[in-house]
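S.K.: My questions all concern the structure below.
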Amino acid sequence: MAKARTVLAAFKPNAASLGYALFLAVNATVVWGGVFPFLPYSIQSSETMLWFFIVEATVFAAAFLASIFGAYAFPRHTKRFLVPLASLPYALGWVCLIAASYAHGISSQLVVTSGALLGVGSAGFYMLWQRLFAAKRPGRGTHDLVLGTVYASVIYFGLHAIPEAVTALLVPLVFLPLFGLAIILSSRRVDVNQPMFEDVPKEHPQVYRRVVSDVWRSAVSLGGFGLCTGVMRAVAITDPAIGATVNIVSMMASFVVAAALLVLWQHRSIALNIPLAYRRSFPVVLAAFLFMPVVPGEYVIWLAAILYALHGAAILLMMIQCAQISRDRGINPVFIYGLFGGIMYALHDLGFIMGSVASVAADPALSSPAMIALASVCALSMLALVGTTPRRNVESMTDGNSIELLHQPSMPDDRSVELAEKAVALDEEQERTAALEAKPDEDGALAAQARQDAPYYVDRLSKQVELMRIDYGLSAREAEVAELLARGETVARIAETLYVSENTVRTHSKRIYAKLDVHKKQQLRDLVESYDPGALS
């Protein structure tokens, strides 16, 4: 009974999760399966939809890529949640779509213009949501993100109960102000003084180079699903009925995936390595495309729906992973999300172009599905070769390629957080005023490297820290920092070892002290020593 209440409590929404759900539901009606379900089919000719999606997808991907430069060159601007900057083009995009239903003479031009506006607005809102969820406490931010994905499907199907003409008008007049307001209200509780927002990339570019080197394979792996979706979008725009079916089935699948993830998370911790997951799913996706030329037409609809559902899951995982990287490395959330999103959506555009060209330029000896399948298999094979080449630390939990959801993460109260902040400040003061500078502990660096490379324990202390991590629900990165603290490493030394800023180390130290309910470094050492390393033998 208690477990049932816990699961039900996990589905209790708040302003952030409901606002994100409404945004996703509305977005699915205009930039998802290749169709506008609440607008007349008369404005949805194949040629018009082709140009709409080319413009929308190109602008969307370009906005993510541009945000990488913006976050690196002008990091201070990411502290502010500029909702109006995303709302204006998004609203104008919907106005153009609605106007296209009445202005038949220029409907094509209005639809294509809306593609550019919606591309900018959608990217802007995704950036705002990512920044919001990344800035929350790890467990809370991820929970709101997953829960929002669950309720998005519910809201999407609820929209079908409203007359179509009314639904289209409600988006810019009611729905947009509502999810914009949800961001504004939720962002008021965000601490913009966290290292990820205070970070100035130009002061330590080596940290950013290391992050890009570590995680680009994950971005390419997730982009593989984007490429599949782009190919299927090219197929869907040839027939609005296909797009409508794809929307419905894929939203149902997204609900099942997100809800299952939420329920599972209530019972156990979850760890997922992205490149490894892509490598394992690659043969199945490849086989699915190879069946396209030989299976009846209904197969294409279901394949498109399933791939769109996988794409939705990939977007969810991408946002979780980017938020985790921002917290673990203390880097700008807009930078890392722009990197992942830019790669994923650029590959989506590539898939859309491939599918469109293959449909038009099919050889007389080959059917259009055969050409699409052939092009998709070639592209996916190249991604698998480039993006999932085995690495020494491919299954590490701290290299940025893995997602970690801790079961019932410890959420310390405000008093514990306050004491932890004072404890970290006192530790640093003692380090600065020490009469003799401690000799650098080479074992500390070796231990940190070993934790990244494999589940190998360097010595007794490594085993003790692992047992403490399990008992107190520390993340993999927090366990790394705790081990180095227990070895007597200074903040500067830990930052150098882990390729992060000193502010990021301080933030991790505060979270560790709060979770462990200790108030100085000696208490941390005593707690570590209380564990019997033989339990891991």
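In the structure tokens, each chain is lettered A, B, ... as it comes, each chain's residues begin at 1, and ligands are numbered from 1 in order of appearance.
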Might you pull out every residue within 12 Å of segment 51-56 of chain A, with only C-alpha atoms counted and same-chain residues fewer than 2 positions away left off, and present them as number ranges by chain?
M.R.: A: 30-36, 43-49, 58-63, 90, 93, 96-97, 107-123, 230-231, 233-234, 236-237, 345-346, 348-356
S.K.: Please list as a PyMOL selection string every residue within 12 Å of Gln130 of chain A, counting only C-alpha atoms and excluding residues in the same chain fewer than 5 positions away.
M.R.: chain A and resi 16+20+78+81+123-125+135-136+141-142+144-145+183+187+315-324+326+332-338+340-341
S.K.: Which is closest to Val154 of chain A among A:Leu527, A:Ala253, A:Leu461, A:Leu261, if we use only C-alpha atoms?
M.R.: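 Closest candidate: A:Ala253.
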S.K.: For atom CA of Leu222 of chain A and atom CA of Ser269 of chain A, quote the distance in Å rounded to one decimal.
M.R.: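 If I compute the distance from atom CA of Leu222 of chain A to atom CA of Ser269 of chain A, I get 21.9 Å.
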S.K.: So that I can see what lies close to His407 of chain A, please list as number ranges by chain the residues with an atom at most 9 Å from it, counting only C-alpha atoms and leaving out residues fewer than 4 positions away in the same chain.
M.R.: A: 139, 265-270, 473
S.K.: Filtering to N, CA, C and O atoms, could you give me those residues as a PDB file, in the first residue's frame?
M.R.:
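After the write, again_23.pdb holds the following:
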ATOM      1  N   GLY A 139      17.305  15.468  -8.495  1.00  0.00           N
ATOM      2  CA  GLY A 139      16.131  14.600  -8.493  1.00  0.00           C
ATOM      3  C   GLY A 139      14.875  15.326  -8.914  1.00  0.00           C
ATOM      4  O   GLY A 139      14.076  14.818  -9.706  1.00  0.00           O
ATOM      5  N   TRP A 265      11.725   4.181 -11.718  1.00  0.00           N
ATOM      6  CA  TRP A 265      12.605   5.024 -10.916  1.00  0.00           C
ATOM      7  C   TRP A 265      12.198   5.022  -9.442  1.00  0.00           C
ATOM      8  O   TRP A 265      13.029   5.217  -8.551  1.00  0.00           O
ATOM      9  N   GLN A 266      10.916   4.807  -9.158  1.00  0.00           N
ATOM     10  CA  GLN A 266      10.451   4.778  -7.776  1.00  0.00           C
ATOM     11  C   GLN A 266      10.894   3.513  -7.047  1.00  0.00           C
ATOM     12  O   GLN A 266      10.811   3.439  -5.813  1.00  0.00           O
ATOM     13  N   HIS A 267      11.347   2.516  -7.785  1.00  0.00           N
ATOM     14  CA  HIS A 267      11.714   1.246  -7.173  1.00  0.00           C
ATOM     15  C   HIS A 267      13.215   0.957  -7.206  1.00  0.00           C
ATOM     16  O   HIS A 267      13.699   0.138  -6.432  1.00  0.00           O
ATOM     17  N   ARG A 268      13.929   1.597  -8.105  1.00  0.00           N
ATOM     18  CA  ARG A 268      15.359   1.311  -8.201  1.00  0.00           C
ATOM     19  C   ARG A 268      16.080   2.451  -8.908  1.00  0.00           C
ATOM     20  O   ARG A 268      15.458   3.280  -9.594  1.00  0.00           O
ATOM     21  N   SER A 269      17.388   2.487  -8.730  1.00  0.00           N
ATOM     22  CA  SER A 269      18.206   3.453  -9.463  1.00  0.00           C
ATOM     23  C   SER A 269      18.347   2.983 -10.910  1.00  0.00           C
ATOM     24  O   SER A 269      18.300   1.784 -11.191  1.00  0.00           O
ATOM     25  N   ILE A 270      18.519   3.948 -11.810  1.00  0.00           N
ATOM     26  CA  ILE A 270      18.605   3.637 -13.239  1.00  0.00           C
ATOM     27  C   ILE A 270      19.895   4.224 -13.797  1.00  0.00           C
ATOM     28  O   ILE A 270      20.210   5.390 -13.534  1.00  0.00           O
ATOM     29  N   GLY A 473      23.050   7.425  -1.317  1.00  0.00           N
ATOM     30  CA  GLY A 473      22.503   7.880  -2.588  1.00  0.00           C
ATOM     31  C   GLY A 473      23.317   8.968  -3.257  1.00  0.00           C
ATOM     32  O   GLY A 473      22.754   9.874  -3.884  1.00  0.00           O
TER      33      GLY A 473
END
S.K.: Name the residues in contact with Ala313 of chain A at a cut-off of 8 Å, using only C-alpha atoms, excluding same-chain residues fewer than 3 positions from it; report them as a PyMOL selection string.
M.R.: chain A and resi 254+257-258+309-310+316-317
S.K.: Keeping N, CA, C and O atoms, export the residues of the selection given above as a compact mmCIF listing (two decimals), in the first residue's frame.
M.R.:
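Output contents, as saved in result_1.txt:
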# COMPACT_ATOMS: atom_id res chain seq x y z
N SER A 254 5.03 7.58 -26.35
CA SER A 254 5.78 8.47 -25.47
C SER A 254 5.23 8.43 -24.06
O SER A 254 5.98 8.44 -23.07
N VAL A 257 6.41 5.10 -22.44
CA VAL A 257 7.84 5.11 -22.12
C VAL A 257 8.12 5.99 -20.90
O VAL A 257 8.81 5.58 -19.96
N ALA A 258 7.58 7.22 -20.89
CA ALA A 258 7.84 8.14 -19.78
C ALA A 258 7.23 7.64 -18.48
O ALA A 258 7.85 7.73 -17.41
N ALA A 309 8.33 7.79 -31.68
CA ALA A 309 8.31 7.55 -30.24
C ALA A 309 9.73 7.41 -29.70
O ALA A 309 10.07 7.95 -28.63
N LEU A 310 10.60 6.70 -30.43
CA LEU A 310 12.00 6.59 -30.04
C LEU A 310 12.69 7.95 -30.06
O LEU A 310 13.52 8.25 -29.19
N LEU A 316 14.03 13.21 -24.55
CA LEU A 316 13.94 13.16 -23.09
C LEU A 316 15.29 12.79 -22.48
O LEU A 316 15.77 13.45 -21.54
N LEU A 317 15.93 11.75 -23.01
CA LEU A 317 17.23 11.33 -22.49
C LEU A 317 18.28 12.41 -22.71
O LEU A 317 19.15 12.62 -21.86
S.K.: At a cut-off of 10 Å, using only C-alpha atoms, what residues contact segment 189-200 of chain A? Leave out same-chain residues fewer than 4 positions from it and give the result as a ChimeraX atom specification.
M.R.: /A:71-80,131-137,184-185,204-205,325-334,501-507
S.K.: Would you export the selected residues with N, CA and C atoms as a CSV table (one decimal), in the first residue's frame, please?
M.R.:
chain,number,residue,atom,x,y,z
A,71,ALA,N,26.5,31.1,-25.7
A,71,ALA,CA,26.8,30.7,-24.3
A,71,ALA,C,28.2,30.8,-24.0
A,72,TYR,N,29.1,30.5,-25.0
A,72,TYR,CA,30.5,30.6,-24.8
A,72,TYR,C,31.0,32.1,-24.7
A,73,ALA,N,30.5,32.9,-25.6
A,73,ALA,CA,31.0,34.3,-25.7
A,73,ALA,C,30.3,35.2,-24.8
A,74,PHE,N,29.0,35.0,-24.5
A,74,PHE,CA,28.2,35.9,-23.6
A,74,PHE,C,27.5,35.1,-22.5
A,75,PRO,N,28.2,34.4,-21.6
A,75,PRO,CA,27.6,33.5,-20.7
A,75,PRO,C,26.7,34.2,-19.7
A,76,ARG,N,26.9,35.5,-19.4
A,76,ARG,CA,26.1,36.2,-18.4
A,76,ARG,C,24.6,36.3,-18.8
A,77,HIS,N,24.4,36.3,-20.1
A,77,HIS,CA,23.0,36.4,-20.5
A,77,HIS,C,22.2,35.2,-20.2
A,78,THR,N,22.8,34.1,-20.0
A,78,THR,CA,22.0,32.8,-19.7
A,78,THR,C,21.4,32.8,-18.3
A,79,LYS,N,21.8,33.8,-17.5
A,79,LYS,CA,21.2,33.9,-16.2
A,79,LYS,C,19.7,34.2,-16.2
A,80,ARG,N,19.3,34.9,-17.3
A,80,ARG,CA,18.0,35.5,-17.4
A,80,ARG,C,17.1,34.6,-18.2
A,131,ARG,N,17.2,24.9,-19.3
A,131,ARG,CA,17.8,25.7,-18.3
A,131,ARG,C,17.1,25.6,-16.9
A,132,LEU,N,15.8,25.6,-17.0
A,132,LEU,CA,15.0,25.5,-15.8
A,132,LEU,C,15.2,24.2,-15.1
A,133,PHE,N,15.1,23.1,-15.8
A,133,PHE,CA,15.2,21.7,-15.2
A,133,PHE,C,16.7,21.5,-14.7
A,134,ALA,N,17.7,22.0,-15.5
A,134,ALA,CA,19.0,21.8,-15.1
A,134,ALA,C,19.4,22.5,-13.8
A,135,ALA,N,18.7,23.7,-13.6
A,135,ALA,CA,19.0,24.5,-12.4
A,135,ALA,C,18.4,24.0,-11.1
A,136,LYS,N,17.4,23.1,-11.3
A,136,LYS,CA,16.8,22.5,-10.1
A,136,LYS,C,17.7,21.5,-9.4
A,137,ARG,N,17.3,21.0,-8.2
A,137,ARG,CA,18.0,19.9,-7.6
A,137,ARG,C,17.9,18.7,-8.5
A,184,ILE,N,8.1,31.5,-16.1
A,184,ILE,CA,8.4,32.7,-15.3
A,184,ILE,C,8.2,32.4,-13.8
A,185,LEU,N,7.1,31.7,-13.5
A,185,LEU,CA,6.9,31.4,-12.1
A,185,LEU,C,7.9,30.4,-11.5
A,204,HIS,N,38.5,29.1,-18.6
A,204,HIS,CA,39.1,27.7,-18.5
A,204,HIS,C,38.6,26.9,-19.7
A,205,PRO,N,39.0,27.3,-20.9
A,205,PRO,CA,38.5,26.6,-22.1
A,205,PRO,C,38.9,25.1,-22.1
A,325,ILE,N,25.2,16.7,-17.1
A,325,ILE,CA,26.6,17.2,-17.4
A,325,ILE,C,26.8,18.6,-16.9
A,326,SER,N,25.8,19.4,-17.0
A,326,SER,CA,25.9,20.8,-16.5
A,326,SER,C,26.2,20.8,-15.0
A,327,ARG,N,25.5,19.9,-14.2
A,327,ARG,CA,25.7,19.9,-12.8
A,327,ARG,C,27.0,19.3,-12.4
A,328,ASP,N,27.4,18.2,-13.1
A,328,ASP,CA,28.6,17.4,-12.8
A,328,ASP,C,29.8,18.3,-13.1
A,329,ARG,N,29.8,18.9,-14.3
A,329,ARG,CA,31.0,19.6,-14.8
A,329,ARG,C,30.9,21.1,-14.4
A,330,GLY,N,29.7,21.6,-14.0
A,330,GLY,CA,29.6,23.0,-13.7
A,330,GLY,C,29.7,23.9,-14.9
A,331,ILE,N,29.2,23.4,-16.1
A,331,ILE,CA,29.3,24.2,-17.3
A,331,ILE,C,28.0,24.8,-17.7
A,332,ASN,N,28.0,25.7,-18.5
A,332,ASN,CA,26.7,26.4,-18.9
A,332,ASN,C,25.8,25.4,-19.6
A,333,PRO,N,24.5,25.3,-19.0
A,333,PRO,CA,23.5,24.4,-19.6
A,333,PRO,C,23.2,24.7,-21.0
A,334,VAL,N,23.2,26.0,-21.4
A,334,VAL,CA,22.8,26.3,-22.8
A,334,VAL,C,23.9,25.8,-23.7
A,501,SER,N,35.7,23.4,-12.8
A,501,SER,CA,36.1,24.7,-12.1
A,501,SER,C,36.1,24.4,-10.6
A,502,GLU,N,36.8,25.3,-9.8
A,502,GLU,CA,36.8,25.2,-8.4
A,502,GLU,C,35.4,25.5,-7.8
A,503,ASN,N,34.6,26.4,-8.4
A,503,ASN,CA,33.3,26.6,-7.9
A,503,ASN,C,32.4,25.3,-8.0
A,504,THR,N,32.6,24.5,-9.1
A,504,THR,CA,31.9,23.3,-9.2
A,504,THR,C,32.2,22.3,-8.1
A,505,VAL,N,33.5,22.2,-7.8
A,505,VAL,CA,33.9,21.4,-6.7
A,505,VAL,C,33.3,21.8,-5.4
A,506,ARG,N,33.2,23.1,-5.1
A,506,ARG,CA,32.6,23.6,-3.9
A,506,ARG,C,31.1,23.2,-3.9
A,507,THR,N,30.4,23.3,-5.0
A,507,THR,CA,29.0,23.0,-5.1
A,507,THR,C,28.8,21.5,-4.8
S.K.: Choose the residue, out of A:Leu178, A:Val207, A:Ala57, A:Glu483, that has the smallest atom-to-atom separation from Ala21 of chain A; count only C-alpha atoms.
M.R.: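 Closest to Ala21 of chain A, using only C-alpha atoms: A:Leu178.
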S.K.: Write out as a VMD selection string all residues of segment 159-289 of chain A that DSSP puts in alpha helix (DSSP H) for this structure's backbone.
M.R.: chain A and resid 159 164 to 170 176 to 187 195 to 198 205 to 236 240 to 265 274 to 289
S.K.: Once you have the residues from the selection above, write them out as an mmCIF file, in the first residue's frame, restricted to C-alpha atoms.
M.R.:
data_model
loop_
_atom_site.group_PDB
_atom_site.id
_atom_site.type_symbol
_atom_site.label_atom_id
_atom_site.label_comp_id
_atom_site.auth_asym_id
_atom_site.auth_seq_id
_atom_site.Cartn_x
_atom_site.Cartn_y
_atom_site.Cartn_z
ATOM 1 C CA LEU A 159 -6.978 18.834 -27.444
ATOM 2 C CA GLU A 164 -10.428 22.138 -34.488
ATOM 3 C CA ALA A 165 -10.966 25.770 -35.435
ATOM 4 C CA VAL A 166 -11.110 26.762 -31.760
ATOM 5 C CA THR A 167 -7.972 24.767 -30.859
ATOM 6 C CA ALA A 168 -5.868 26.618 -33.423
ATOM 7 C CA LEU A 169 -6.960 29.972 -31.970
ATOM 8 C CA LEU A 170 -6.382 28.852 -28.378
ATOM 9 C CA LEU A 176 1.248 30.022 -25.132
ATOM 10 C CA PRO A 177 0.654 32.538 -22.280
ATOM 11 C CA LEU A 178 0.030 29.632 -19.894
ATOM 12 C CA PHE A 179 3.260 27.701 -20.469
ATOM 13 C CA GLY A 180 5.197 30.972 -20.732
ATOM 14 C CA LEU A 181 3.811 31.952 -17.325
ATOM 15 C CA ALA A 182 4.780 28.530 -15.949
ATOM 16 C CA ILE A 183 8.420 29.199 -16.904
ATOM 17 C CA ILE A 184 8.359 32.666 -15.341
ATOM 18 C CA LEU A 185 6.858 31.438 -12.052
ATOM 19 C CA SER A 186 9.115 28.373 -11.819
ATOM 20 C CA SER A 187 12.269 30.350 -12.662
ATOM 21 C CA PRO A 195 28.500 27.475 -10.928
ATOM 22 C CA MET A 196 26.774 26.529 -14.188
ATOM 23 C CA PHE A 197 25.429 30.099 -14.492
ATOM 24 C CA GLU A 198 28.428 31.881 -12.957
ATOM 25 C CA PRO A 205 38.547 26.610 -22.132
ATOM 26 C CA GLN A 206 40.280 23.293 -21.339
ATOM 27 C CA VAL A 207 37.223 22.259 -19.312
ATOM 28 C CA TYR A 208 34.941 22.802 -22.300
ATOM 29 C CA ARG A 209 37.325 21.061 -24.694
ATOM 30 C CA ARG A 210 37.391 18.075 -22.355
ATOM 31 C CA VAL A 211 33.588 17.974 -22.120
ATOM 32 C CA VAL A 212 33.154 18.091 -25.907
ATOM 33 C CA SER A 213 35.779 15.358 -26.291
ATOM 34 C CA ASP A 214 33.971 13.188 -23.746
ATOM 35 C CA VAL A 215 30.361 13.530 -24.882
ATOM 36 C CA TRP A 216 30.255 14.042 -28.657
ATOM 37 C CA ARG A 217 29.735 10.318 -29.222
ATOM 38 C CA SER A 218 26.577 10.430 -27.112
ATOM 39 C CA ALA A 219 25.290 13.352 -29.167
ATOM 40 C CA VAL A 220 25.949 11.454 -32.417
ATOM 41 C CA SER A 221 24.248 8.340 -31.028
ATOM 42 C CA LEU A 222 21.119 10.291 -30.081
ATOM 43 C CA GLY A 223 21.326 12.012 -33.447
ATOM 44 C CA GLY A 224 20.927 8.608 -35.092
ATOM 45 C CA PHE A 225 17.317 8.557 -33.899
ATOM 46 C CA GLY A 226 16.926 12.112 -35.195
ATOM 47 C CA LEU A 227 18.085 10.969 -38.621
ATOM 48 C CA CYS A 228 15.522 8.130 -38.611
ATOM 49 C CA THR A 229 12.761 10.565 -37.689
ATOM 50 C CA GLY A 230 13.795 12.975 -40.438
ATOM 51 C CA VAL A 231 13.557 10.196 -43.001
ATOM 52 C CA MET A 232 10.074 9.217 -41.811
ATOM 53 C CA ARG A 233 8.919 12.834 -41.766
ATOM 54 C CA ALA A 234 9.737 12.994 -45.475
ATOM 55 C CA VAL A 235 7.484 9.959 -45.965
ATOM 56 C CA ALA A 236 4.677 11.388 -43.804
ATOM 57 C CA PRO A 240 -1.629 14.007 -44.254
ATOM 58 C CA ALA A 241 -3.488 10.898 -43.080
ATOM 59 C CA ILE A 242 -0.168 9.167 -42.433
ATOM 60 C CA GLY A 243 1.043 12.141 -40.404
ATOM 61 C CA ALA A 244 -2.110 12.158 -38.261
ATOM 62 C CA THR A 245 -1.729 8.456 -37.458
ATOM 63 C CA VAL A 246 1.958 8.897 -36.700
ATOM 64 C CA ASN A 247 1.153 11.701 -34.263
ATOM 65 C CA ILE A 248 -1.432 9.671 -32.362
ATOM 66 C CA VAL A 249 0.566 6.430 -32.107
ATOM 67 C CA SER A 250 3.853 8.135 -31.248
ATOM 68 C CA MET A 251 2.253 10.243 -28.501
ATOM 69 C CA MET A 252 0.730 7.089 -26.993
ATOM 70 C CA ALA A 253 4.134 5.415 -27.063
ATOM 71 C CA SER A 254 5.781 8.471 -25.474
ATOM 72 C CA PHE A 255 3.265 8.263 -22.632
ATOM 73 C CA VAL A 256 4.050 4.590 -22.030
ATOM 74 C CA VAL A 257 7.838 5.110 -22.122
ATOM 75 C CA ALA A 258 7.841 8.142 -19.784
ATOM 76 C CA ALA A 259 5.339 6.607 -17.349
ATOM 77 C CA ALA A 260 7.287 3.331 -17.222
ATOM 78 C CA LEU A 261 10.508 5.242 -16.550
ATOM 79 C CA LEU A 262 8.852 7.172 -13.725
ATOM 80 C CA VAL A 263 7.440 4.019 -12.103
ATOM 81 C CA LEU A 264 10.712 2.115 -12.431
ATOM 82 C CA TRP A 265 12.605 5.024 -10.916
ATOM 83 C CA ILE A 274 23.905 6.244 -24.384
ATOM 84 C CA PRO A 275 26.476 5.053 -26.973
ATOM 85 C CA LEU A 276 26.126 1.501 -25.669
ATOM 86 C CA ALA A 277 22.317 1.680 -25.894
ATOM 87 C CA TYR A 278 22.531 2.959 -29.468
ATOM 88 C CA ARG A 279 24.946 0.191 -30.413
ATOM 89 C CA ARG A 280 22.536 -2.433 -29.070
ATOM 90 C CA SER A 281 19.454 -0.961 -30.735
ATOM 91 C CA PHE A 282 21.220 -0.339 -34.055
ATOM 92 C CA PRO A 283 20.659 -3.837 -35.552
ATOM 93 C CA VAL A 284 16.922 -3.663 -34.785
ATOM 94 C CA VAL A 285 16.505 -0.232 -36.385
ATOM 95 C CA LEU A 286 18.556 -1.326 -39.381
ATOM 96 C CA ALA A 287 16.391 -4.412 -39.889
ATOM 97 C CA ALA A 288 13.226 -2.304 -39.605
ATOM 98 C CA PHE A 289 14.348 -0.127 -42.532
#
S.K.: Between A:Ser67, A:Gln464, A:Ser87, A:Ser153, which one has atoms that come closest to Leu18 of chain A, using only C-alpha atoms?
M.R.: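 The answer is A:Ser153, which sits nearest to Leu18 of chain A.
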